[in-house]
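Below is one structure, written out as structure tokens; the observations come after it.
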Amino acid sequence: MDKQFFVVANWKANKTILETSDWVKKFSGEAVGDSYLEVIIAAPFMALDTLKTHITDYGLTRYVSVASQDISMFPVGAYTGEVPGEILENLVTYCLIGHSERRRYLGETTEMAGKKAEWAMENDITPIICAQTLEEIPENINRHSVEKYLIMYEPFEAISTDNQYRPESSQKINEVLVQWQKKLPTGARLLYGGSVNQENITDLMMVDRELLSGFVVGRASLEADSFSSIIRALATSRN
Ligand code: PGA
């Protein structure tokens, strides 16, 4: 199996600049580099520069990339508080778009996700479009080739909260991805996110690798050692 597989750390609203430095230092000592795995770290905006610098300093650029957790749906200009693609362009390779937490707590819509995806691609940033249902995937992405974006299946109920992990079963993920694959352009790359951790990764790896191109890890990515365990499990599962 040689297709590229992605492991995304979504730190959400966690980690100061100092904590970011500590994390990368620990991670650099533990993680295994494997050419079939691409590790993506989605950090808060103010930690991105530190993250990128450390990834370079520790020689991790070959397999670790930086992502933002959002991007503006506007270009540079009079949009207070927004961070547009032109500013992120040289800092990140990927950005999460339309995460269910943003949809739920900040009123983000699929239309907004569509605009954000356009600005990301316009600035050579690969959007990771998060969706709970097919309807949440903005239609405009169909105008772009499948190499330009990633799609994450992310059922809100499966997201860890209050220290509880509640992943969807590999069987259910398979069923959903089969349906999505029928409707999406051929070759669209699909990720799963929701309560992935070092204990359940073996079960979740049962999802058909023809359907799945990666995992997004929230809570279990906050500690470098648990995130590294997940990466090691994926690297050794390759055959
Ligand atoms: P979780 O988060 O792994 O903490 O459930 C996943 C996500 O929402 O990206």
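Note on naming: chains are A, B, ... as they come in the structure tokens, residues start from 1 per chain, ligands start from 1 in the order shown.
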
Would you return as a PDB file with N, CA, C and O atoms, in the first residue's frame the members of stretch 83-232 of chain A that DSSP assigns to helix (DSSP H, G or I) on this structure's backbone?
```
ATOM      1  N   GLY A  85      -5.968  34.226   3.589  1.00  0.00           N
ATOM      2  CA  GLY A  85      -5.028  33.317   2.920  1.00  0.00           C
ATOM      3  C   GLY A  85      -3.704  33.962   2.560  1.00  0.00           C
ATOM      4  O   GLY A  85      -2.656  33.322   2.665  1.00  0.00           O
ATOM      5  N   GLU A  86      -3.744  35.233   2.159  1.00  0.00           N
ATOM      6  CA  GLU A  86      -2.490  35.899   1.762  1.00  0.00           C
ATOM      7  C   GLU A  86      -1.516  35.963   2.933  1.00  0.00           C
ATOM      8  O   GLU A  86      -0.303  35.944   2.738  1.00  0.00           O
ATOM      9  N   ILE A  87      -2.039  36.076   4.158  1.00  0.00           N
ATOM     10  CA  ILE A  87      -1.172  36.156   5.338  1.00  0.00           C
ATOM     11  C   ILE A  87      -0.689  34.757   5.743  1.00  0.00           C
ATOM     12  O   ILE A  87       0.419  34.577   6.219  1.00  0.00           O
ATOM     13  N   LEU A  88      -1.534  33.765   5.498  1.00  0.00           N
ATOM     14  CA  LEU A  88      -1.189  32.398   5.905  1.00  0.00           C
ATOM     15  C   LEU A  88      -0.318  31.671   4.878  1.00  0.00           C
ATOM     16  O   LEU A  88       0.332  30.672   5.202  1.00  0.00           O
ATOM     17  N   SER A 100     -16.882  21.014  12.835  1.00  0.00           N
ATOM     18  CA  SER A 100     -18.232  21.015  13.431  1.00  0.00           C
ATOM     19  C   SER A 100     -18.315  21.910  14.662  1.00  0.00           C
ATOM     20  O   SER A 100     -19.384  22.444  14.976  1.00  0.00           O
ATOM     21  N   GLU A 101     -17.193  22.084  15.370  1.00  0.00           N
ATOM     22  CA  GLU A 101     -17.230  22.979  16.532  1.00  0.00           C
ATOM     23  C   GLU A 101     -17.436  24.425  16.075  1.00  0.00           C
ATOM     24  O   GLU A 101     -18.148  25.193  16.725  1.00  0.00           O
ATOM     25  N   ARG A 102     -16.848  24.809  14.969  1.00  0.00           N
ATOM     26  CA  ARG A 102     -17.049  26.172  14.440  1.00  0.00           C
ATOM     27  C   ARG A 102     -18.481  26.315  13.911  1.00  0.00           C
ATOM     28  O   ARG A 102     -19.093  27.368  14.041  1.00  0.00           O
ATOM     29  N   ARG A 103     -18.978  25.261  13.310  1.00  0.00           N
ATOM     30  CA  ARG A 103     -20.364  25.338  12.809  1.00  0.00           C
ATOM     31  C   ARG A 103     -21.312  25.487  13.997  1.00  0.00           C
ATOM     32  O   ARG A 103     -22.241  26.287  13.973  1.00  0.00           O
ATOM     33  N   ARG A 104     -21.063  24.702  15.062  1.00  0.00           N
ATOM     34  CA  ARG A 104     -21.979  24.689  16.191  1.00  0.00           C
ATOM     35  C   ARG A 104     -21.855  25.931  17.081  1.00  0.00           C
ATOM     36  O   ARG A 104     -22.850  26.510  17.494  1.00  0.00           O
ATOM     37  N   TYR A 105     -20.609  26.326  17.388  1.00  0.00           N
ATOM     38  CA  TYR A 105     -20.448  27.420  18.361  1.00  0.00           C
ATOM     39  C   TYR A 105     -20.308  28.794  17.713  1.00  0.00           C
ATOM     40  O   TYR A 105     -20.451  29.808  18.368  1.00  0.00           O
ATOM     41  N   LEU A 106     -19.969  28.846  16.439  1.00  0.00           N
ATOM     42  CA  LEU A 106     -19.715  30.140  15.806  1.00  0.00           C
ATOM     43  C   LEU A 106     -20.595  30.391  14.587  1.00  0.00           C
ATOM     44  O   LEU A 106     -20.387  31.352  13.850  1.00  0.00           O
ATOM     45  N   THR A 110     -22.080  26.031   5.508  1.00  0.00           N
ATOM     46  CA  THR A 110     -21.421  25.364   4.385  1.00  0.00           C
ATOM     47  C   THR A 110     -21.038  26.388   3.318  1.00  0.00           C
ATOM     48  O   THR A 110     -19.990  26.264   2.675  1.00  0.00           O
ATOM     49  N   GLU A 111     -21.866  27.414   3.176  1.00  0.00           N
ATOM     50  CA  GLU A 111     -21.537  28.468   2.210  1.00  0.00           C
ATOM     51  C   GLU A 111     -20.228  29.166   2.607  1.00  0.00           C
ATOM     52  O   GLU A 111     -19.358  29.414   1.764  1.00  0.00           O
ATOM     53  N   MET A 112     -20.079  29.451   3.898  1.00  0.00           N
ATOM     54  CA  MET A 112     -18.833  30.070   4.369  1.00  0.00           C
ATOM     55  C   MET A 112     -17.653  29.123   4.144  1.00  0.00           C
ATOM     56  O   MET A 112     -16.571  29.546   3.713  1.00  0.00           O
ATOM     57  N   ALA A 113     -17.879  27.841   4.420  1.00  0.00           N
ATOM     58  CA  ALA A 113     -16.800  26.860   4.218  1.00  0.00           C
ATOM     59  C   ALA A 113     -16.362  26.851   2.750  1.00  0.00           C
ATOM     60  O   ALA A 113     -15.167  26.759   2.441  1.00  0.00           O
ATOM     61  N   GLY A 114     -17.342  26.980   1.867  1.00  0.00           N
ATOM     62  CA  GLY A 114     -17.030  27.002   0.429  1.00  0.00           C
ATOM     63  C   GLY A 114     -16.156  28.192   0.067  1.00  0.00           C
ATOM     64  O   GLY A 114     -15.174  28.059  -0.677  1.00  0.00           O
ATOM     65  N   LYS A 115     -16.490  29.373   0.627  1.00  0.00           N
ATOM     66  CA  LYS A 115     -15.686  30.571   0.340  1.00  0.00           C
ATOM     67  C   LYS A 115     -14.286  30.422   0.921  1.00  0.00           C
ATOM     68  O   LYS A 115     -13.292  30.799   0.297  1.00  0.00           O
ATOM     69  N   LYS A 116     -14.208  29.888   2.116  1.00  0.00           N
ATOM     70  CA  LYS A 116     -12.901  29.708   2.759  1.00  0.00           C
ATOM     71  C   LYS A 116     -12.031  28.742   1.951  1.00  0.00           C
ATOM     72  O   LYS A 116     -10.830  28.967   1.780  1.00  0.00           O
ATOM     73  N   ALA A 117     -12.663  27.678   1.468  1.00  0.00           N
ATOM     74  CA  ALA A 117     -11.905  26.697   0.663  1.00  0.00           C
ATOM     75  C   ALA A 117     -11.335  27.370  -0.588  1.00  0.00           C
ATOM     76  O   ALA A 117     -10.190  27.122  -0.979  1.00  0.00           O
ATOM     77  N   GLU A 118     -12.128  28.256  -1.192  1.00  0.00           N
ATOM     78  CA  GLU A 118     -11.638  28.966  -2.400  1.00  0.00           C
ATOM     79  C   GLU A 118     -10.419  29.823  -2.083  1.00  0.00           C
ATOM     80  O   GLU A 118      -9.430  29.813  -2.806  1.00  0.00           O
ATOM     81  N   TRP A 119     -10.503  30.577  -0.953  1.00  0.00           N
ATOM     82  CA  TRP A 119      -9.377  31.455  -0.613  1.00  0.00           C
ATOM     83  C   TRP A 119      -8.141  30.636  -0.241  1.00  0.00           C
ATOM     84  O   TRP A 119      -7.012  31.051  -0.508  1.00  0.00           O
ATOM     85  N   ALA A 120      -8.365  29.486   0.367  1.00  0.00           N
ATOM     86  CA  ALA A 120      -7.217  28.633   0.704  1.00  0.00           C
ATOM     87  C   ALA A 120      -6.534  28.198  -0.592  1.00  0.00           C
ATOM     88  O   ALA A 120      -5.329  28.435  -0.793  1.00  0.00           O
ATOM     89  N   MET A 121      -7.291  27.628  -1.497  1.00  0.00           N
ATOM     90  CA  MET A 121      -6.703  27.101  -2.744  1.00  0.00           C
ATOM     91  C   MET A 121      -6.078  28.216  -3.576  1.00  0.00           C
ATOM     92  O   MET A 121      -5.026  28.029  -4.181  1.00  0.00           O
ATOM     93  N   GLU A 122      -6.709  29.365  -3.563  1.00  0.00           N
ATOM     94  CA  GLU A 122      -6.182  30.537  -4.261  1.00  0.00           C
ATOM     95  C   GLU A 122      -4.768  30.879  -3.777  1.00  0.00           C
ATOM     96  O   GLU A 122      -3.941  31.386  -4.510  1.00  0.00           O
ATOM     97  N   LEU A 134     -22.751  14.596   3.739  1.00  0.00           N
ATOM     98  CA  LEU A 134     -22.373  14.991   2.374  1.00  0.00           C
ATOM     99  C   LEU A 134     -22.825  16.408   2.055  1.00  0.00           C
ATOM    100  O   LEU A 134     -22.154  17.147   1.352  1.00  0.00           O
ATOM    101  N   GLU A 135     -23.984  16.795   2.627  1.00  0.00           N
ATOM    102  CA  GLU A 135     -24.542  18.129   2.362  1.00  0.00           C
ATOM    103  C   GLU A 135     -23.638  19.238   2.902  1.00  0.00           C
ATOM    104  O   GLU A 135     -23.728  20.375   2.468  1.00  0.00           O
ATOM    105  N   GLU A 136     -22.814  18.906   3.878  1.00  0.00           N
ATOM    106  CA  GLU A 136     -21.926  19.933   4.448  1.00  0.00           C
ATOM    107  C   GLU A 136     -20.649  20.127   3.624  1.00  0.00           C
ATOM    108  O   GLU A 136     -19.819  20.953   3.972  1.00  0.00           O
ATOM    109  N   GLU A 139     -20.313  22.627  -2.576  1.00  0.00           N
ATOM    110  CA  GLU A 139     -20.332  22.131  -3.962  1.00  0.00           C
ATOM    111  C   GLU A 139     -19.212  22.692  -4.824  1.00  0.00           C
ATOM    112  O   GLU A 139     -18.753  22.035  -5.756  1.00  0.00           O
ATOM    113  N   ASN A 140     -18.765  23.922  -4.485  1.00  0.00           N
ATOM    114  CA  ASN A 140     -17.751  24.548  -5.340  1.00  0.00           C
ATOM    115  C   ASN A 140     -16.445  23.772  -5.395  1.00  0.00           C
ATOM    116  O   ASN A 140     -15.657  23.964  -6.321  1.00  0.00           O
ATOM    117  N   ILE A 141     -16.203  22.885  -4.429  1.00  0.00           N
ATOM    118  CA  ILE A 141     -14.943  22.141  -4.514  1.00  0.00           C
ATOM    119  C   ILE A 141     -14.918  21.227  -5.742  1.00  0.00           C
ATOM    120  O   ILE A 141     -13.860  20.830  -6.193  1.00  0.00           O
ATOM    121  N   ASN A 142     -16.092  20.922  -6.267  1.00  0.00           N
ATOM    122  CA  ASN A 142     -16.145  20.071  -7.468  1.00  0.00           C
ATOM    123  C   ASN A 142     -15.474  20.725  -8.674  1.00  0.00           C
ATOM    124  O   ASN A 142     -15.168  20.051  -9.650  1.00  0.00           O
ATOM    125  N   ARG A 143     -15.286  22.031  -8.590  1.00  0.00           N
ATOM    126  CA  ARG A 143     -14.616  22.719  -9.700  1.00  0.00           C
ATOM    127  C   ARG A 143     -13.092  22.558  -9.641  1.00  0.00           C
ATOM    128  O   ARG A 143     -12.386  23.002 -10.520  1.00  0.00           O
ATOM    129  N   VAL A 146      -9.077  16.811  -7.398  1.00  0.00           N
ATOM    130  CA  VAL A 146      -9.112  16.172  -6.077  1.00  0.00           C
ATOM    131  C   VAL A 146      -7.791  16.274  -5.312  1.00  0.00           C
ATOM    132  O   VAL A 146      -7.763  16.114  -4.092  1.00  0.00           O
ATOM    133  N   GLU A 147      -6.703  16.576  -5.997  1.00  0.00           N
ATOM    134  CA  GLU A 147      -5.414  16.723  -5.293  1.00  0.00           C
ATOM    135  C   GLU A 147      -5.354  18.026  -4.500  1.00  0.00           C
ATOM    136  O   GLU A 147      -4.461  18.226  -3.693  1.00  0.00           O
ATOM    137  N   LYS A 148      -6.306  18.922  -4.780  1.00  0.00           N
ATOM    138  CA  LYS A 148      -6.245  20.262  -4.167  1.00  0.00           C
ATOM    139  C   LYS A 148      -6.871  20.329  -2.780  1.00  0.00           C
ATOM    140  O   LYS A 148      -6.779  21.345  -2.103  1.00  0.00           O
ATOM    141  N   PHE A 156     -20.176  14.866  14.841  1.00  0.00           N
ATOM    142  CA  PHE A 156     -20.027  15.648  16.067  1.00  0.00           C
ATOM    143  C   PHE A 156     -20.117  14.763  17.322  1.00  0.00           C
ATOM    144  O   PHE A 156     -19.380  14.956  18.285  1.00  0.00           O
ATOM    145  N   GLU A 157     -21.006  13.764  17.287  1.00  0.00           N
ATOM    146  CA  GLU A 157     -21.188  12.902  18.479  1.00  0.00           C
ATOM    147  C   GLU A 157     -19.932  12.084  18.772  1.00  0.00           C
ATOM    148  O   GLU A 157     -19.757  11.586  19.877  1.00  0.00           O
ATOM    149  N   ALA A 158     -19.079  11.915  17.782  1.00  0.00           N
ATOM    150  CA  ALA A 158     -17.882  11.089  17.986  1.00  0.00           C
ATOM    151  C   ALA A 158     -16.706  11.889  18.556  1.00  0.00           C
ATOM    152  O   ALA A 158     -15.703  11.329  18.974  1.00  0.00           O
ATOM    153  N   SER A 170     -15.401   1.135  13.259  1.00  0.00           N
ATOM    154  CA  SER A 170     -14.772   1.088  11.934  1.00  0.00           C
ATOM    155  C   SER A 170     -15.797   0.651  10.877  1.00  0.00           C
ATOM    156  O   SER A 170     -15.777   1.108   9.740  1.00  0.00           O
ATOM    157  N   GLN A 171     -16.730  -0.188  11.299  1.00  0.00           N
ATOM    158  CA  GLN A 171     -17.776  -0.652  10.377  1.00  0.00           C
ATOM    159  C   GLN A 171     -18.659   0.515   9.902  1.00  0.00           C
ATOM    160  O   GLN A 171     -18.926   0.673   8.706  1.00  0.00           O
ATOM    161  N   LYS A 172     -19.057   1.363  10.869  1.00  0.00           N
ATOM    162  CA  LYS A 172     -19.904   2.517  10.518  1.00  0.00           C
ATOM    163  C   LYS A 172     -19.131   3.505   9.627  1.00  0.00           C
ATOM    164  O   LYS A 172     -19.662   4.033   8.650  1.00  0.00           O
ATOM    165  N   ILE A 173     -17.864   3.719   9.972  1.00  0.00           N
ATOM    166  CA  ILE A 173     -17.049   4.650   9.170  1.00  0.00           C
ATOM    167  C   ILE A 173     -16.974   4.117   7.731  1.00  0.00           C
ATOM    168  O   ILE A 173     -17.161   4.868   6.771  1.00  0.00           O
ATOM    169  N   ASN A 174     -16.727   2.812   7.620  1.00  0.00           N
ATOM    170  CA  ASN A 174     -16.686   2.191   6.290  1.00  0.00           C
ATOM    171  C   ASN A 174     -17.962   2.449   5.511  1.00  0.00           C
ATOM    172  O   ASN A 174     -17.918   2.857   4.355  1.00  0.00           O
ATOM    173  N   GLU A 175     -19.098   2.207   6.188  1.00  0.00           N
ATOM    174  CA  GLU A 175     -20.397   2.365   5.509  1.00  0.00           C
ATOM    175  C   GLU A 175     -20.569   3.790   4.984  1.00  0.00           C
ATOM    176  O   GLU A 175     -20.975   4.010   3.853  1.00  0.00           O
ATOM    177  N   VAL A 176     -20.228   4.748   5.855  1.00  0.00           N
ATOM    178  CA  VAL A 176     -20.395   6.156   5.458  1.00  0.00           C
ATOM    179  C   VAL A 176     -19.460   6.483   4.287  1.00  0.00           C
ATOM    180  O   VAL A 176     -19.871   7.095   3.295  1.00  0.00           O
ATOM    181  N   LEU A 177     -18.210   6.061   4.405  1.00  0.00           N
ATOM    182  CA  LEU A 177     -17.251   6.416   3.353  1.00  0.00           C
ATOM    183  C   LEU A 177     -17.591   5.763   2.008  1.00  0.00           C
ATOM    184  O   LEU A 177     -17.360   6.363   0.959  1.00  0.00           O
ATOM    185  N   VAL A 178     -18.176   4.578   2.060  1.00  0.00           N
ATOM    186  CA  VAL A 178     -18.619   3.943   0.805  1.00  0.00           C
ATOM    187  C   VAL A 178     -19.661   4.834   0.134  1.00  0.00           C
ATOM    188  O   VAL A 178     -19.591   5.115  -1.066  1.00  0.00           O
ATOM    189  N   GLN A 179     -20.605   5.321   0.944  1.00  0.00           N
ATOM    190  CA  GLN A 179     -21.655   6.196   0.390  1.00  0.00           C
ATOM    191  C   GLN A 179     -21.064   7.490  -0.159  1.00  0.00           C
ATOM    192  O   GLN A 179     -21.424   7.947  -1.236  1.00  0.00           O
ATOM    193  N   TRP A 180     -20.156   8.073   0.610  1.00  0.00           N
ATOM    194  CA  TRP A 180     -19.556   9.336   0.179  1.00  0.00           C
ATOM    195  C   TRP A 180     -18.757   9.153  -1.107  1.00  0.00           C
ATOM    196  O   TRP A 180     -18.818   9.987  -2.006  1.00  0.00           O
ATOM    197  N   GLN A 181     -18.031   8.055  -1.169  1.00  0.00           N
ATOM    198  CA  GLN A 181     -17.183   7.840  -2.343  1.00  0.00           C
ATOM    199  C   GLN A 181     -18.016   7.760  -3.622  1.00  0.00           C
ATOM    200  O   GLN A 181     -17.584   8.206  -4.682  1.00  0.00           O
ATOM    201  N   LYS A 182     -19.234   7.231  -3.474  1.00  0.00           N
ATOM    202  CA  LYS A 182     -20.121   7.118  -4.655  1.00  0.00           C
ATOM    203  C   LYS A 182     -20.512   8.491  -5.172  1.00  0.00           C
ATOM    204  O   LYS A 182     -20.736   8.684  -6.353  1.00  0.00           O
ATOM    205  N   LYS A 183     -20.655   9.447  -4.252  1.00  0.00           N
ATOM    206  CA  LYS A 183     -21.170  10.766  -4.617  1.00  0.00           C
ATOM    207  C   LYS A 183     -20.069  11.788  -4.935  1.00  0.00           C
ATOM    208  O   LYS A 183     -20.311  12.775  -5.611  1.00  0.00           O
ATOM    209  N   ILE A 201      -6.746   2.990  18.008  1.00  0.00           N
ATOM    210  CA  ILE A 201      -6.235   3.130  16.636  1.00  0.00           C
ATOM    211  C   ILE A 201      -6.192   1.780  15.902  1.00  0.00           C
ATOM    212  O   ILE A 201      -6.484   1.700  14.711  1.00  0.00           O
ATOM    213  N   THR A 202      -5.893   0.702  16.643  1.00  0.00           N
ATOM    214  CA  THR A 202      -5.828  -0.614  15.987  1.00  0.00           C
ATOM    215  C   THR A 202      -7.197  -0.993  15.416  1.00  0.00           C
ATOM    216  O   THR A 202      -7.296  -1.473  14.293  1.00  0.00           O
ATOM    217  N   ASP A 203      -8.254  -0.738  16.191  1.00  0.00           N
ATOM    218  CA  ASP A 203      -9.610  -1.030  15.689  1.00  0.00           C
ATOM    219  C   ASP A 203      -9.944  -0.130  14.499  1.00  0.00           C
ATOM    220  O   ASP A 203     -10.484  -0.588  13.492  1.00  0.00           O
ATOM    221  N   LEU A 204      -9.609   1.147  14.643  1.00  0.00           N
ATOM    222  CA  LEU A 204      -9.974   2.085  13.573  1.00  0.00           C
ATOM    223  C   LEU A 204      -9.204   1.805  12.279  1.00  0.00           C
ATOM    224  O   LEU A 204      -9.666   2.142  11.187  1.00  0.00           O
ATOM    225  N   ARG A 219      -7.960  15.472  20.928  1.00  0.00           N
ATOM    226  CA  ARG A 219      -7.467  15.377  22.299  1.00  0.00           C
ATOM    227  C   ARG A 219      -6.172  14.558  22.443  1.00  0.00           C
ATOM    228  O   ARG A 219      -5.242  14.967  23.137  1.00  0.00           O
ATOM    229  N   ALA A 220      -6.115  13.416  21.774  1.00  0.00           N
ATOM    230  CA  ALA A 220      -4.941  12.540  21.927  1.00  0.00           C
ATOM    231  C   ALA A 220      -3.698  13.088  21.223  1.00  0.00           C
ATOM    232  O   ALA A 220      -2.641  12.471  21.280  1.00  0.00           O
ATOM    233  N   SER A 221      -3.831  14.248  20.577  1.00  0.00           N
ATOM    234  CA  SER A 221      -2.635  14.847  19.962  1.00  0.00           C
ATOM    235  C   SER A 221      -2.007  15.891  20.883  1.00  0.00           C
ATOM    236  O   SER A 221      -0.935  16.416  20.587  1.00  0.00           O
ATOM    237  N   ALA A 224       2.616  14.858  23.142  1.00  0.00           N
ATOM    238  CA  ALA A 224       3.451  14.370  22.033  1.00  0.00           C
ATOM    239  C   ALA A 224       3.597  12.853  22.068  1.00  0.00           C
ATOM    240  O   ALA A 224       3.645  12.204  21.018  1.00  0.00           O
ATOM    241  N   ASP A 225       3.645  12.264  23.291  1.00  0.00           N
ATOM    242  CA  ASP A 225       3.883  10.811  23.320  1.00  0.00           C
ATOM    243  C   ASP A 225       2.668  10.019  22.848  1.00  0.00           C
ATOM    244  O   ASP A 225       2.809   9.032  22.123  1.00  0.00           O
ATOM    245  N   SER A 226       1.442  10.461  23.220  1.00  0.00           N
ATOM    246  CA  SER A 226       0.282   9.690  22.742  1.00  0.00           C
ATOM    247  C   SER A 226       0.110   9.864  21.232  1.00  0.00           C
ATOM    248  O   SER A 226      -0.224   8.907  20.520  1.00  0.00           O
ATOM    249  N   PHE A 227       0.379  11.068  20.749  1.00  0.00           N
ATOM    250  CA  PHE A 227       0.270  11.281  19.295  1.00  0.00           C
ATOM    251  C   PHE A 227       1.321  10.429  18.558  1.00  0.00           C
ATOM    252  O   PHE A 227       1.020   9.799  17.541  1.00  0.00           O
ATOM    253  N   SER A 228       2.525  10.368  19.114  1.00  0.00           N
ATOM    254  CA  SER A 228       3.583   9.558  18.485  1.00  0.00           C
ATOM    255  C   SER A 228       3.215   8.074  18.476  1.00  0.00           C
ATOM    256  O   SER A 228       3.527   7.367  17.527  1.00  0.00           O
ATOM    257  N   SER A 229       2.540   7.616  19.557  1.00  0.00           N
ATOM    258  CA  SER A 229       2.128   6.191  19.589  1.00  0.00           C
ATOM    259  C   SER A 229       1.183   5.894  18.436  1.00  0.00           C
ATOM    260  O   SER A 229       1.248   4.824  17.823  1.00  0.00           O
ATOM    261  N   ILE A 230       0.288   6.825  18.162  1.00  0.00           N
ATOM    262  CA  ILE A 230      -0.666   6.630  17.063  1.00  0.00           C
ATOM    263  C   ILE A 230       0.097   6.550  15.740  1.00  0.00           C
ATOM    264  O   ILE A 230      -0.155   5.665  14.916  1.00  0.00           O
ATOM    265  N   ILE A 231       1.064   7.431  15.576  1.00  0.00           N
ATOM    266  CA  ILE A 231       1.847   7.429  14.329  1.00  0.00           C
ATOM    267  C   ILE A 231       2.628   6.119  14.191  1.00  0.00           C
ATOM    268  O   ILE A 231       2.663   5.515  13.116  1.00  0.00           O
ATOM    269  N   ARG A 232       3.199   5.675  15.303  1.00  0.00           N
ATOM    270  CA  ARG A 232       3.963   4.413  15.247  1.00  0.00           C
ATOM    271  C   ARG A 232       3.050   3.245  14.869  1.00  0.00           C
ATOM    272  O   ARG A 232       3.405   2.390  14.079  1.00  0.00           O
TER     273      ARG A 232
END
```

Original post:
Which residues form the shell of 7 Å around ligand 1 when you count only C-alpha atoms and all ligand atoms, given as a list in words?
Top reply: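 Those residues are Asn10, Glu154, Ala158, Ile159, Ser160, Thr161, Tyr165, Gly193, Gly194, Ser195, Val196, Val216, Val217, Gly218, Arg219 and Ala220 of chain A.
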
Subject >> Close residues, stretch 28-39 of chain A itself excluded, 12 Å, only C-alpha atoms, min 5 positions apart in chain, as a PyMOL selection string >> reply: chain A and resi 1-10+21-23+51+54-67+93-94+213-217+221+223-239

Subject >> Test item: residues at most 6 Å from stretch 69-77 of chain A, only C-alpha atoms, excluding those fewer than 5 positions along its chain, as a ChimeraX atom specification >> reply: /A:42,82-84,95-97,115-116

**OP:** In Å, rounded to a single decimal, give me how far atom CA of A:Phe27 is from atom CA of A:Leu212.
**Re:** 24.8 Å

Subject >> Residue nearest A:Ala13 - candidates A:Ile40, A:Ile125, A:Ala131, A:Leu222, atoms counted: only C-alpha atoms >> reply: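 When distances to A:Ala13 are compared using only C-alpha atoms, the smallest one comes from A:Leu222.
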
**OP:** One decimal, Å: what's the distance from atom CA of A:Glu89 over to atom CA of A:Glu19, could you say?
**Re:**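 Distance reported for this atom pair: 23.9 Å.
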
Original post:
Where in stretch 137-238 of chain A does DSSP assign strand (DSSP E or B), given as a list in words?
Top reply: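 Written out, the strand (DSSP E or B) residues of stretch 137-238 of chain A are Leu150, Ile151, Met152, Tyr153, Thr161, Gln164, Arg189, Leu190, Leu191, Tyr192, Gly193, Gly214, Phe215, Val216 and Val217 of chain A.
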
Go ahead and dump the residues you just picked, N, CA, C and O atoms, as an mmCIF file, in the first residue's frame.
```
data_model
loop_
_atom_site.group_PDB
_atom_site.id
_atom_site.type_symbol
_atom_site.label_atom_id
_atom_site.label_comp_id
_atom_site.auth_asym_id
_atom_site.auth_seq_id
_atom_site.Cartn_x
_atom_site.Cartn_y
_atom_site.Cartn_z
ATOM 1 N N LEU A 150 -8.657 17.981 0.876
ATOM 2 C CA LEU A 150 -8.934 16.760 1.624
ATOM 3 C C LEU A 150 -10.311 16.945 2.267
ATOM 4 O O LEU A 150 -10.711 18.085 2.558
ATOM 5 N N ILE A 151 -10.992 15.840 2.506
ATOM 6 C CA ILE A 151 -12.296 15.923 3.168
ATOM 7 C C ILE A 151 -12.244 15.069 4.430
ATOM 8 O O ILE A 151 -11.742 13.942 4.404
ATOM 9 N N MET A 152 -12.738 15.629 5.512
ATOM 10 C CA MET A 152 -12.726 14.884 6.783
ATOM 11 C C MET A 152 -14.152 14.558 7.193
ATOM 12 O O MET A 152 -14.977 15.464 7.349
ATOM 13 N N TYR A 153 -14.425 13.278 7.366
ATOM 14 C CA TYR A 153 -15.722 12.853 7.916
ATOM 15 C C TYR A 153 -15.613 12.945 9.435
ATOM 16 O O TYR A 153 -14.771 12.290 10.045
ATOM 17 N N THR A 161 -15.274 14.605 24.370
ATOM 18 C CA THR A 161 -15.569 15.729 25.263
ATOM 19 C C THR A 161 -15.490 15.211 26.697
ATOM 20 O O THR A 161 -15.694 14.008 26.929
ATOM 21 N N GLN A 164 -13.891 11.966 27.624
ATOM 22 C CA GLN A 164 -14.499 10.719 27.156
ATOM 23 C C GLN A 164 -14.236 10.547 25.653
ATOM 24 O O GLN A 164 -14.489 11.467 24.879
ATOM 25 N N ARG A 189 -9.933 12.419 -1.488
ATOM 26 C CA ARG A 189 -9.290 11.774 -0.337
ATOM 27 C C ARG A 189 -10.063 12.073 0.946
ATOM 28 O O ARG A 189 -10.332 13.224 1.258
ATOM 29 N N LEU A 190 -10.400 10.998 1.682
ATOM 30 C CA LEU A 190 -11.276 11.120 2.847
ATOM 31 C C LEU A 190 -10.543 10.759 4.135
ATOM 32 O O LEU A 190 -9.849 9.736 4.198
ATOM 33 N N LEU A 191 -10.715 11.582 5.143
ATOM 34 C CA LEU A 191 -10.128 11.334 6.459
ATOM 35 C C LEU A 191 -11.267 11.096 7.457
ATOM 36 O O LEU A 191 -12.391 11.518 7.220
ATOM 37 N N TYR A 192 -10.936 10.456 8.571
ATOM 38 C CA TYR A 192 -11.923 10.331 9.651
ATOM 39 C C TYR A 192 -11.381 11.031 10.895
ATOM 40 O O TYR A 192 -10.201 10.886 11.237
ATOM 41 N N GLY A 193 -12.255 11.753 11.603
ATOM 42 C CA GLY A 193 -11.878 12.362 12.876
ATOM 43 C C GLY A 193 -12.976 12.183 13.893
ATOM 44 O O GLY A 193 -14.172 12.233 13.570
ATOM 45 N N GLY A 214 -6.680 8.900 5.912
ATOM 46 C CA GLY A 214 -6.023 9.442 7.099
ATOM 47 C C GLY A 214 -6.954 9.641 8.273
ATOM 48 O O GLY A 214 -8.169 9.459 8.173
ATOM 49 N N PHE A 215 -6.334 10.010 9.415
ATOM 50 C CA PHE A 215 -7.074 10.273 10.649
ATOM 51 C C PHE A 215 -6.782 11.682 11.146
ATOM 52 O O PHE A 215 -5.676 12.189 10.973
ATOM 53 N N VAL A 216 -7.789 12.270 11.799
ATOM 54 C CA VAL A 216 -7.597 13.556 12.472
ATOM 55 C C VAL A 216 -7.727 13.284 13.973
ATOM 56 O O VAL A 216 -8.695 12.674 14.414
ATOM 57 N N VAL A 217 -6.737 13.710 14.722
ATOM 58 C CA VAL A 217 -6.664 13.388 16.145
ATOM 59 C C VAL A 217 -6.719 14.685 16.949
ATOM 60 O O VAL A 217 -5.853 15.550 16.799
#
```

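Reported to one decimal place, the separation of atom CA of A:Gly107 from atom CA of A:Ser169 is 28.3 Å.
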